[in-house]
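Take a look at the structure below.
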There are 2 protein chains.
Amino acid sequence: MNTYEPAEVVLLAHGSGGSMGHELVEKRLLWHISNATLNRLDDSAVLNGHRRLAFTTDGYVISPIIFPGGDIGRLAVCGTVNDLAMVGAQPVGLSLALIVEEGLPLRTLDTIMRSVHDACGEAGVDIVTGDTKVVSRGQADQLFVTTSGIGLLAEGTDISGSRAQPGDSIILSGCIAEHGVAVMSAREGLSFRTTIVSDCAPLNGLVREMLAAASEGIHTMRDPTRGGVATSLNEIASQSHVGITIDESVLPIRDEVYSACDMLGLDPLYVANEGKLIAICAPEMAADTLAAMRGHRLGKDAAIVGQVSDDKPGRVVMRTRMGTTRLIQMLAGELLPRIC
Amino acid sequence: MNTYEPAEVVLLAHGSGGSMGHELVEKRLLWHISNATLNRLDDSAVLNGHRRLAFTTDGYVISPIIFPGGDIGRLAVCGTVNDLAMVGAQPVGLSLALIVEEGLPLRTLDTIMRSVHDACGEAGVDIVTGDTKVVSRGQADQLFVTTSGIGLLAEGTDISGSRAQPGDSIILSGCIAEHGVAVMSAREGLSFRTTIVSDCAPLNGLVREMLAAASEGIHTMRDPTRGGVATSLNEIASQSHVGITIDESVLPIRDEVYSACDMLGLDPLYVANEGKLIAICAPEMAADTLAAMRGHRLGKDAAIVGQVSDDKPGRVVMRTRMGTTRLIQMLAGELLPRIC
């Protein structure tokens with residue numbers, strides 16, 4: 001039973017990718033609508049008995065709606081395609097639901113819809129159904145986009161946050177924290193000059209290559225969006241009841257991103273990515289998986305960054321450059337609001 | 001090519017179920033993402049080659065979020081189930097994406113999630129995937145909900161707004177305008193006392209009975225939500241290139257609703273419904289369809305209200321109680337904003 005006081009309200013920190021957000025979802029929302037498919041809490045639901053479909057949804061409330069390297073339209077399409085890809089599915093159709101604030105320039109809407117079109121083209125999928133609502137000025141912030149997607153799974157594909165096993169290798173597909181830093185630089189009007197753009201991209205092509213190379217060897221995939229790599233690894237450690245160790249010295253991260261994070265007081269491990277994935281695979285398949293990833297444009301900087309163990313289930317630790325060990329906890333509260 | 005001026009912006013009237021809303025969707029949005037499945041503009045997309053799936057999405061921005069007879073949670077589940085039902089599909093899974101304004105009482109969220117659960121139970125479907133975003137106070141109006149749904153179509157089912165044929169009978173499943181009037185009475189704090197509650201209900205059970213009785217005889221179904229019966233009939237007349245005539249004297253409408261509309265200056269033909277459908281079927285199947293509908297709790301007031309003709313394609317006319325003929329145009333501008 002829920003036990004909160006009548007006066008309790010939703011806080012902005014409930015919207016983070018961190019522990020308060022998890023609490024809101026698990027204690028307040030799932031409680032009501034619990035079922036076996038939903039409770040897996042993977043990026044997409046896998047619906048059995050219908051030729052193995054994946055189904056996912058995500059709302060996008062990013063501010064600003066246009067940022068270096070993309071906009072809310074590209075973000076929504078990529079985010080939904082990626083959620084499907086993270087269970088190994090190729091997209092067969094997307095939906096697009098817009099909530100538009102009165103007064104939004106039609107030219108802006110136009111730019112965003114063109115991005116939707118272009119991102120769909122990159123991913124090889126169509127928007128097949130949609131909806132548009134308009135609310136009065138001041139009742140929304142320019143534009144909110146909710147996309148859903150249906151994907152098709154090949155027979156035998158079984159990828160889930162709950163399947164990481166002791167001994168598995170952890171691969172990161174490329175350099176981290178670029179989306180969050182790009183959005184932050186656009187939002188704050190900070191005077192630092194940066195060439196950093198969002199990494200926002202559809203990952204289904206990369207995943208296709210990975211599955212062709214290693215298929216059943218890949219146990220878990222996750223795209224580290226809100227809450228970053230740290231949060232995704234914590235989710236996996238918790239869902240799979242395993243320990244995770246990563247190595248700071250091999251984490252792919254660009255110097256400019258490192259400097260920008262330093263200046264902004266951000267830990268890149270907690271900053272959102274929108275075109276990267278974490279793959280956890282059987283150790284004997286790690287080399288093949290890595291080679292397949294490096295052969296793809298979106299995986300050229302892929303690296304093995306850690307291992308799964310049976311030590312301290314649910315915990316993520318990092319061996320630092322200085323040789324010490326640091327506990328990587330789930331983000332508590334809000335690092336960057338409205339980042340996706 | 002789009003030809004608007006840079007200064008043009010989205011207006012509240014673009015959010016109506018009427019002609020401006022159609023213009024926004026067709027000229028500004030579809031233009032970018034056009035494809036054969038989307039362009040049918042039915043309530044759900046039908047995806048071929050995957051065992052005949054239907055896929056739909058809708059955003060809900062209703063104000064107030066709790067109203068007589070329902071709330072935004074019930075509305076979202078019913079609306080999505082109904083959009084699937086309107087192409088003859090039974091739901092196999094729903095998604096639920098919330099955009100929550102900071103400060104929303106958790107108790108309110110709780111009430112709405114319980115409604116989601118209950119409406120899912122009535123429809124016999126689960127929420128299988130979801131997402132939650134929180135935005136700062138003042139950047140949304142309490143709670144926006146976007147639901148998507150996947151449905152399964154029986155072989156041979158081909159129901160579309162473009163399949164109405166001259167000679168077909170037009171059946172309305174029950175009394176109109178109750179949702180809009182109930183929401184309006186809650187919103188305005190009007191002093192009129194009314195027992196009218198929203199008709200918000202999942203129609204997939206009713207549709208199952210109809211298809212069992214008449215299957216291929218049913219050519220078109222539509223749930224007359226935003227813009228009401230008048231707008232849905234105009235959409236069908238336009239998509240099917242047919243004329244439509246309805247009879248005012250047989251339109252099912254409760255006296256209280258009629259009085260309330262009169263007092264509020266609303267035409268019930270343009271007021272939203274959330275638990276009613278329009279079915280257009282071959283004349284020889286009309287009696288069987290009607291009997292099946294009347295045997296279901298949600299179709300007990302069903303009535304044959306008109307006919308399809310080849311006269312004046314694209315036009316909807318009503319024979320009034322006084323014996324005159326009135327042209328029923330698509331709603332222009334906004335009748336009731338934030339009604340669903």
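If you're wondering about the labels, chains in the structure tokens are A, B, ... by order shown, residues count from 1 in each chain, ligands from 1 in order shown.
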Show which residues sit within 7 Å of Arg74 in chain B, as a list in words. Count only C-alpha atoms, and ignore same-chain residues fewer than 5 positions away.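 My reading of the contact set: Ser115, Val116 and Ala119 of chain B.
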Write out as a CSV table (one decimal) with N, CA, C and O atoms, in the first residue's frame the set of residues from range 108-280 of chain B that DSSP, computed on the backbone, places in helix (DSSP H, G or I).
chain,number,residue,atom,x,y,z
B,108,THR,N,-3.0,12.6,-6.2
B,108,THR,CA,-3.7,12.7,-7.5
B,108,THR,C,-3.1,11.7,-8.5
B,108,THR,O,-3.9,11.1,-9.2
B,109,LEU,N,-1.8,11.6,-8.5
B,109,LEU,CA,-1.2,10.7,-9.4
B,109,LEU,C,-1.7,9.3,-9.1
B,109,LEU,O,-1.9,8.4,-10.0
B,110,ASP,N,-1.8,9.0,-7.9
B,110,ASP,CA,-2.3,7.7,-7.4
B,110,ASP,C,-3.7,7.4,-7.9
B,110,ASP,O,-4.0,6.3,-8.4
B,111,THR,N,-4.6,8.4,-7.8
B,111,THR,CA,-6.0,8.2,-8.3
B,111,THR,C,-6.0,7.9,-9.7
B,111,THR,O,-6.7,7.0,-10.2
B,112,ILE,N,-5.2,8.6,-10.5
B,112,ILE,CA,-5.1,8.5,-11.9
B,112,ILE,C,-4.6,7.1,-12.3
B,112,ILE,O,-5.1,6.5,-13.2
B,113,MET,N,-3.5,6.7,-11.6
B,113,MET,CA,-3.0,5.4,-11.9
B,113,MET,C,-3.9,4.2,-11.6
B,113,MET,O,-4.0,3.2,-12.3
B,114,ARG,N,-4.7,4.4,-10.6
B,114,ARG,CA,-5.7,3.4,-10.3
B,114,ARG,C,-6.8,3.4,-11.4
B,114,ARG,O,-7.2,2.3,-11.8
B,115,SER,N,-7.1,4.5,-11.9
B,115,SER,CA,-8.1,4.5,-13.1
B,115,SER,C,-7.5,3.9,-14.3
B,115,SER,O,-8.2,3.2,-15.0
B,116,VAL,N,-6.2,4.1,-14.5
B,116,VAL,CA,-5.5,3.4,-15.6
B,116,VAL,C,-5.7,1.9,-15.4
B,116,VAL,O,-6.0,1.2,-16.4
B,117,HIS,N,-5.4,1.4,-14.2
B,117,HIS,CA,-5.5,0.0,-13.9
B,117,HIS,C,-6.9,-0.5,-14.2
B,117,HIS,O,-7.1,-1.5,-14.8
B,118,ASP,N,-7.9,0.2,-13.7
B,118,ASP,CA,-9.3,-0.2,-13.8
B,118,ASP,C,-9.7,-0.3,-15.3
B,118,ASP,O,-10.4,-1.2,-15.7
B,119,ALA,N,-9.4,0.8,-16.0
B,119,ALA,CA,-9.8,0.8,-17.4
B,119,ALA,C,-9.1,-0.3,-18.2
B,119,ALA,O,-9.7,-0.9,-19.1
B,120,CYS,N,-7.9,-0.6,-17.9
B,120,CYS,CA,-7.2,-1.7,-18.5
B,120,CYS,C,-7.9,-3.0,-18.2
B,120,CYS,O,-8.0,-3.8,-19.1
B,121,GLY,N,-8.3,-3.1,-17.0
B,121,GLY,CA,-9.1,-4.3,-16.6
B,121,GLY,C,-10.4,-4.5,-17.5
B,121,GLY,O,-10.7,-5.6,-18.0
B,122,GLU,N,-11.1,-3.4,-17.6
B,122,GLU,CA,-12.3,-3.4,-18.4
B,122,GLU,C,-12.1,-3.8,-19.9
B,122,GLU,O,-12.9,-4.5,-20.5
B,123,ALA,N,-10.9,-3.3,-20.4
B,123,ALA,CA,-10.6,-3.6,-21.8
B,123,ALA,C,-9.9,-4.9,-22.0
B,123,ALA,O,-9.7,-5.4,-23.1
B,178,GLU,N,-22.0,13.5,-24.2
B,178,GLU,CA,-21.9,13.5,-22.7
B,178,GLU,C,-20.5,13.8,-22.2
B,178,GLU,O,-20.4,14.4,-21.1
B,179,HIS,N,-19.5,13.3,-22.9
B,179,HIS,CA,-18.1,13.6,-22.4
B,179,HIS,C,-17.8,15.1,-22.3
B,179,HIS,O,-17.4,15.7,-21.3
B,180,GLY,N,-18.1,15.8,-23.4
B,180,GLY,CA,-17.8,17.2,-23.5
B,180,GLY,C,-18.6,18.0,-22.5
B,180,GLY,O,-18.0,18.9,-21.8
B,181,VAL,N,-19.9,17.7,-22.3
B,181,VAL,CA,-20.7,18.4,-21.4
B,181,VAL,C,-20.2,18.2,-19.9
B,181,VAL,O,-20.1,19.1,-19.1
B,182,ALA,N,-19.9,16.9,-19.6
B,182,ALA,CA,-19.4,16.6,-18.3
B,182,ALA,C,-18.1,17.4,-18.0
B,182,ALA,O,-18.0,17.9,-16.9
B,183,VAL,N,-17.2,17.4,-18.9
B,183,VAL,CA,-15.9,18.1,-18.7
B,183,VAL,C,-16.2,19.6,-18.5
B,183,VAL,O,-15.6,20.3,-17.6
B,184,MET,N,-17.0,20.1,-19.4
B,184,MET,CA,-17.3,21.5,-19.4
B,184,MET,C,-18.0,21.9,-18.0
B,184,MET,O,-17.6,22.9,-17.4
B,185,SER,N,-18.9,21.1,-17.5
B,185,SER,CA,-19.5,21.4,-16.3
B,185,SER,C,-18.5,21.4,-15.1
B,185,SER,O,-18.6,22.2,-14.2
B,186,ALA,N,-17.5,20.5,-15.2
B,186,ALA,CA,-16.5,20.5,-14.1
B,186,ALA,C,-15.6,21.7,-14.2
B,186,ALA,O,-15.1,22.2,-13.3
B,187,ARG,N,-15.3,22.1,-15.5
B,187,ARG,CA,-14.3,23.1,-15.7
B,187,ARG,C,-14.8,24.5,-15.3
B,187,ARG,O,-14.1,25.3,-14.7
B,188,GLU,N,-16.0,24.8,-15.7
B,188,GLU,CA,-16.4,26.2,-15.6
B,188,GLU,C,-17.0,26.5,-14.3
B,188,GLU,O,-17.2,27.6,-14.0
B,204,ASN,N,-13.8,-2.0,-27.1
B,204,ASN,CA,-13.4,-3.2,-27.8
B,204,ASN,C,-14.3,-4.4,-27.6
B,204,ASN,O,-14.5,-5.2,-28.6
B,205,GLY,N,-15.0,-4.4,-26.5
B,205,GLY,CA,-15.9,-5.5,-26.3
B,205,GLY,C,-17.2,-5.4,-27.2
B,205,GLY,O,-17.6,-6.4,-27.8
B,206,LEU,N,-17.7,-4.2,-27.3
B,206,LEU,CA,-18.8,-3.9,-28.2
B,206,LEU,C,-18.4,-4.2,-29.6
B,206,LEU,O,-19.2,-4.9,-30.4
B,207,VAL,N,-17.2,-3.8,-30.0
B,207,VAL,CA,-16.8,-4.1,-31.4
B,207,VAL,C,-16.6,-5.6,-31.7
B,207,VAL,O,-16.9,-6.0,-32.7
B,208,ARG,N,-16.2,-6.3,-30.7
B,208,ARG,CA,-16.0,-7.8,-30.8
B,208,ARG,C,-17.4,-8.4,-31.2
B,208,ARG,O,-17.5,-9.2,-32.1
B,209,GLU,N,-18.4,-7.9,-30.5
B,209,GLU,CA,-19.8,-8.4,-30.7
B,209,GLU,C,-20.3,-8.0,-32.1
B,209,GLU,O,-20.9,-8.8,-32.8
B,210,MET,N,-19.9,-6.8,-32.5
B,210,MET,CA,-20.4,-6.3,-33.8
B,210,MET,C,-19.7,-7.1,-35.0
B,210,MET,O,-20.4,-7.5,-35.9
B,211,LEU,N,-18.4,-7.4,-34.8
B,211,LEU,CA,-17.7,-8.1,-35.8
B,211,LEU,C,-18.2,-9.6,-35.9
B,211,LEU,O,-18.2,-10.2,-37.0
B,212,ALA,N,-18.5,-10.1,-34.7
B,212,ALA,CA,-19.0,-11.5,-34.7
B,212,ALA,C,-20.4,-11.6,-35.5
B,212,ALA,O,-20.6,-12.5,-36.2
B,213,ALA,N,-21.1,-10.5,-35.4
B,213,ALA,CA,-22.5,-10.5,-36.0
B,213,ALA,C,-22.4,-10.1,-37.5
B,213,ALA,O,-23.2,-10.7,-38.3
B,214,ALA,N,-21.5,-9.2,-37.9
B,214,ALA,CA,-21.6,-8.7,-39.2
B,214,ALA,C,-20.3,-8.7,-40.0
B,214,ALA,O,-20.2,-8.4,-41.2
B,215,SER,N,-19.2,-9.0,-39.3
B,215,SER,CA,-17.8,-9.0,-39.9
B,215,SER,C,-17.6,-8.2,-41.1
B,215,SER,O,-17.5,-7.0,-41.0
B,216,GLU,N,-17.6,-8.8,-42.3
B,216,GLU,CA,-17.2,-8.0,-43.5
B,216,GLU,C,-18.2,-7.0,-43.9
B,216,GLU,O,-17.9,-6.2,-44.8
B,217,GLY,N,-19.4,-7.0,-43.3
B,217,GLY,CA,-20.4,-6.0,-43.6
B,217,GLY,C,-20.1,-4.7,-43.1
B,217,GLY,O,-20.6,-3.7,-43.5
B,228,GLY,N,-16.6,16.0,-32.3
B,228,GLY,CA,-17.9,15.3,-32.2
B,228,GLY,C,-18.3,14.5,-33.5
B,228,GLY,O,-17.5,14.3,-34.4
B,229,VAL,N,-19.6,14.2,-33.5
B,229,VAL,CA,-20.1,13.4,-34.6
B,229,VAL,C,-20.0,14.1,-35.9
B,229,VAL,O,-19.7,13.5,-36.9
B,230,ALA,N,-20.2,15.4,-35.9
B,230,ALA,CA,-20.2,16.2,-37.1
B,230,ALA,C,-18.8,16.1,-37.8
B,230,ALA,O,-18.7,15.9,-39.0
B,231,THR,N,-17.8,16.2,-37.0
B,231,THR,CA,-16.4,16.2,-37.6
B,231,THR,C,-16.1,14.8,-38.1
B,231,THR,O,-15.5,14.6,-39.2
B,232,SER,N,-16.4,13.7,-37.3
B,232,SER,CA,-16.1,12.4,-37.7
B,232,SER,C,-16.8,12.1,-39.1
B,232,SER,O,-16.3,11.5,-40.0
B,233,LEU,N,-18.1,12.5,-39.2
B,233,LEU,CA,-18.8,12.2,-40.4
B,233,LEU,C,-18.2,13.0,-41.6
B,233,LEU,O,-18.1,12.5,-42.7
B,234,ASN,N,-17.8,14.2,-41.3
B,234,ASN,CA,-17.1,14.9,-42.4
B,234,ASN,C,-15.8,14.3,-42.8
B,234,ASN,O,-15.5,14.2,-44.0
B,235,GLU,N,-15.1,13.7,-41.9
B,235,GLU,CA,-13.8,13.0,-42.2
B,235,GLU,C,-14.1,11.8,-43.1
B,235,GLU,O,-13.4,11.6,-44.1
B,236,ILE,N,-15.2,11.1,-42.7
B,236,ILE,CA,-15.5,9.9,-43.5
B,236,ILE,C,-16.0,10.3,-44.9
B,236,ILE,O,-15.6,9.7,-45.9
B,237,ALA,N,-16.9,11.3,-45.0
B,237,ALA,CA,-17.4,11.7,-46.3
B,237,ALA,C,-16.2,12.1,-47.2
B,237,ALA,O,-16.2,11.8,-48.4
B,238,SER,N,-15.2,12.8,-46.6
B,238,SER,CA,-14.1,13.2,-47.4
B,238,SER,C,-13.2,12.1,-47.7
B,238,SER,O,-12.8,11.9,-48.9
B,239,GLN,N,-12.9,11.2,-46.8
B,239,GLN,CA,-12.0,10.1,-47.1
B,239,GLN,C,-12.6,9.1,-48.1
B,239,GLN,O,-11.9,8.5,-48.9
B,240,SER,N,-13.9,8.9,-48.0
B,240,SER,CA,-14.6,7.9,-48.8
B,240,SER,C,-15.2,8.5,-50.1
B,240,SER,O,-15.7,7.8,-50.9
B,248,GLU,N,-32.0,14.2,-37.8
B,248,GLU,CA,-32.0,14.8,-36.5
B,248,GLU,C,-33.0,14.1,-35.5
B,248,GLU,O,-32.7,13.8,-34.3
B,249,SER,N,-34.2,13.7,-36.0
B,249,SER,CA,-35.2,13.1,-35.2
B,249,SER,C,-34.8,11.8,-34.5
B,249,SER,O,-35.4,11.4,-33.5
B,250,VAL,N,-33.9,11.1,-35.1
B,250,VAL,CA,-33.5,9.8,-34.5
B,250,VAL,C,-32.2,9.8,-33.8
B,250,VAL,O,-31.7,8.8,-33.3
B,255,ASP,N,-32.1,14.3,-22.6
B,255,ASP,CA,-32.7,15.6,-22.4
B,255,ASP,C,-31.8,16.5,-21.7
B,255,ASP,O,-31.6,17.7,-22.0
B,256,GLU,N,-31.1,16.0,-20.6
B,256,GLU,CA,-30.2,16.8,-19.8
B,256,GLU,C,-29.1,17.4,-20.6
B,256,GLU,O,-28.6,18.5,-20.4
B,257,VAL,N,-28.6,16.5,-21.5
B,257,VAL,CA,-27.5,16.9,-22.4
B,257,VAL,C,-27.9,18.0,-23.4
B,257,VAL,O,-27.3,19.0,-23.6
B,258,TYR,N,-29.1,17.8,-23.9
B,258,TYR,CA,-29.7,18.8,-24.8
B,258,TYR,C,-29.9,20.1,-24.1
B,258,TYR,O,-29.4,21.2,-24.7
B,259,SER,N,-30.4,20.1,-22.9
B,259,SER,CA,-30.6,21.4,-22.1
B,259,SER,C,-29.3,22.0,-21.8
B,259,SER,O,-29.1,23.2,-21.9
B,260,ALA,N,-28.3,21.2,-21.4
B,260,ALA,CA,-27.0,21.8,-21.0
B,260,ALA,C,-26.3,22.4,-22.2
B,260,ALA,O,-25.8,23.5,-22.1
B,261,CYS,N,-26.4,21.7,-23.4
B,261,CYS,CA,-25.8,22.3,-24.6
B,261,CYS,C,-26.5,23.6,-24.9
B,261,CYS,O,-25.8,24.6,-25.3
B,262,ASP,N,-27.8,23.6,-24.8
B,262,ASP,CA,-28.6,24.8,-25.1
B,262,ASP,C,-28.1,26.0,-24.2
B,262,ASP,O,-27.8,27.1,-24.7
B,263,MET,N,-27.9,25.7,-22.9
B,263,MET,CA,-27.5,26.7,-22.0
B,263,MET,C,-26.1,27.2,-22.2
B,263,MET,O,-25.7,28.4,-22.1
B,264,LEU,N,-25.2,26.3,-22.6
B,264,LEU,CA,-23.8,26.6,-22.8
B,264,LEU,C,-23.5,27.1,-24.3
B,264,LEU,O,-22.4,27.5,-24.6
B,268,PRO,N,-24.6,19.9,-29.9
B,268,PRO,CA,-24.2,18.6,-29.4
B,268,PRO,C,-23.5,17.8,-30.5
B,268,PRO,O,-22.7,16.9,-30.2
B,269,LEU,N,-23.7,18.1,-31.8
B,269,LEU,CA,-23.1,17.4,-32.9
B,269,LEU,C,-21.6,17.6,-32.9
B,269,LEU,O,-20.8,16.9,-33.5
B,270,TYR,N,-21.1,18.7,-32.3
B,270,TYR,CA,-19.7,19.0,-32.3
B,270,TYR,C,-19.0,18.7,-30.9
B,270,TYR,O,-17.8,19.0,-30.8
Which of these, B:Val145, B:Val134, B:Thr194, B:Val46, has the shortest distance to Gly73 in chain B once you count only C-alpha atoms? B:Val145
Ala97 in chain B: which residues within 7 Å, counting only C-alpha atoms, same-chain residues fewer than 3 positions away excluded, as number ranges by chain? A: 57-59; B: 130-132, 145-147
Serialized selection, C-alpha atoms, as a PDB file, in the first residue's frame:
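Just written: selection23.pdb:
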ATOM      1  CA  THR A  57       7.545   4.561 -25.467  1.00  0.00           C
ATOM      2  CA  ASP A  58       9.367   7.693 -24.337  1.00  0.00           C
ATOM      3  CA  GLY A  59       8.372  11.278 -23.687  1.00  0.00           C
TER       4      GLY A  59
ATOM      5  CA  GLY B 130       6.033   3.261 -19.982  1.00  0.00           C
ATOM      6  CA  ASP B 131       7.981   6.438 -19.365  1.00  0.00           C
ATOM      7  CA  THR B 132       7.796   9.298 -16.876  1.00  0.00           C
ATOM      8  CA  VAL B 145      -0.558  11.515 -20.717  1.00  0.00           C
ATOM      9  CA  THR B 146       0.361   9.893 -24.012  1.00  0.00           C
ATOM     10  CA  THR B 147      -0.735   6.318 -24.604  1.00  0.00           C
TER      11      THR B 147
END
Closest of A:Arg222, A:His22, A:Arg107, A:Arg52 to chain B, counting only C-alpha atoms, is A:Arg107
List every residue of range 64-111 of chain B that DSSP, applied to the backbone of this structure, places in strand (DSSP E or B), and write the result as a PyMOL selection string. chain B and resi 66-67+70-71+89-101+105
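If you measure from each of B:Val25, B:Met20, B:Leu172, B:Ile218 to chain A using only C-alpha atoms, the closest one turns out to be B:Val25.
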Between A:Arg163, A:Lys27, A:His32, A:Arg338, which residue has the minimum interatomic distance to Val242 in chain A, considering only C-alpha atoms?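 Smallest distance to Val242 in chain A is found for A:Arg163.
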What does the distance from CA of Pro337 in chain A to CA of Asp301 in chain A come to in Å, to one decimal? 28.0 Å
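Minimum atom-to-atom distances from A:Pro252, A:Pro166, A:Gly306, A:Gly21 to chain B were compared using only C-alpha atoms, and the lowest value belongs to A:Gly21.
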From B:Val305, B:Leu104, B:Leu75, B:Val87, residue lying nearest chain A [only C-alpha atoms]: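 Once distances to chain A are computed over only C-alpha atoms, the minimum belongs to B:Leu104.
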Exercise: range 286-291 of chain A partners within 9 Å, only C-alpha atoms, chain neighbours under 2 positions left out, as a PyMOL selection string: chain A and resi 168-171+173+209-211+213-214+217-218+279-284+293-295+299+302-304
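Taking CA of Val61 in chain B and CA of Pro64 in chain A as the two end points, the separation is 21.6 Å.
CA of Arg315 in chain A to CA of His241 in chain A spans 8.7 Å [interatomic distance, one decimal].
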Using only C-alpha atoms, which protein or nucleic acid residues come within 7 Å of Pro202 in chain B? Drop anything in the same chain fewer than 4 positions from it, and give the result as a ChimeraX atom specification. /B:78,81-82,123,275
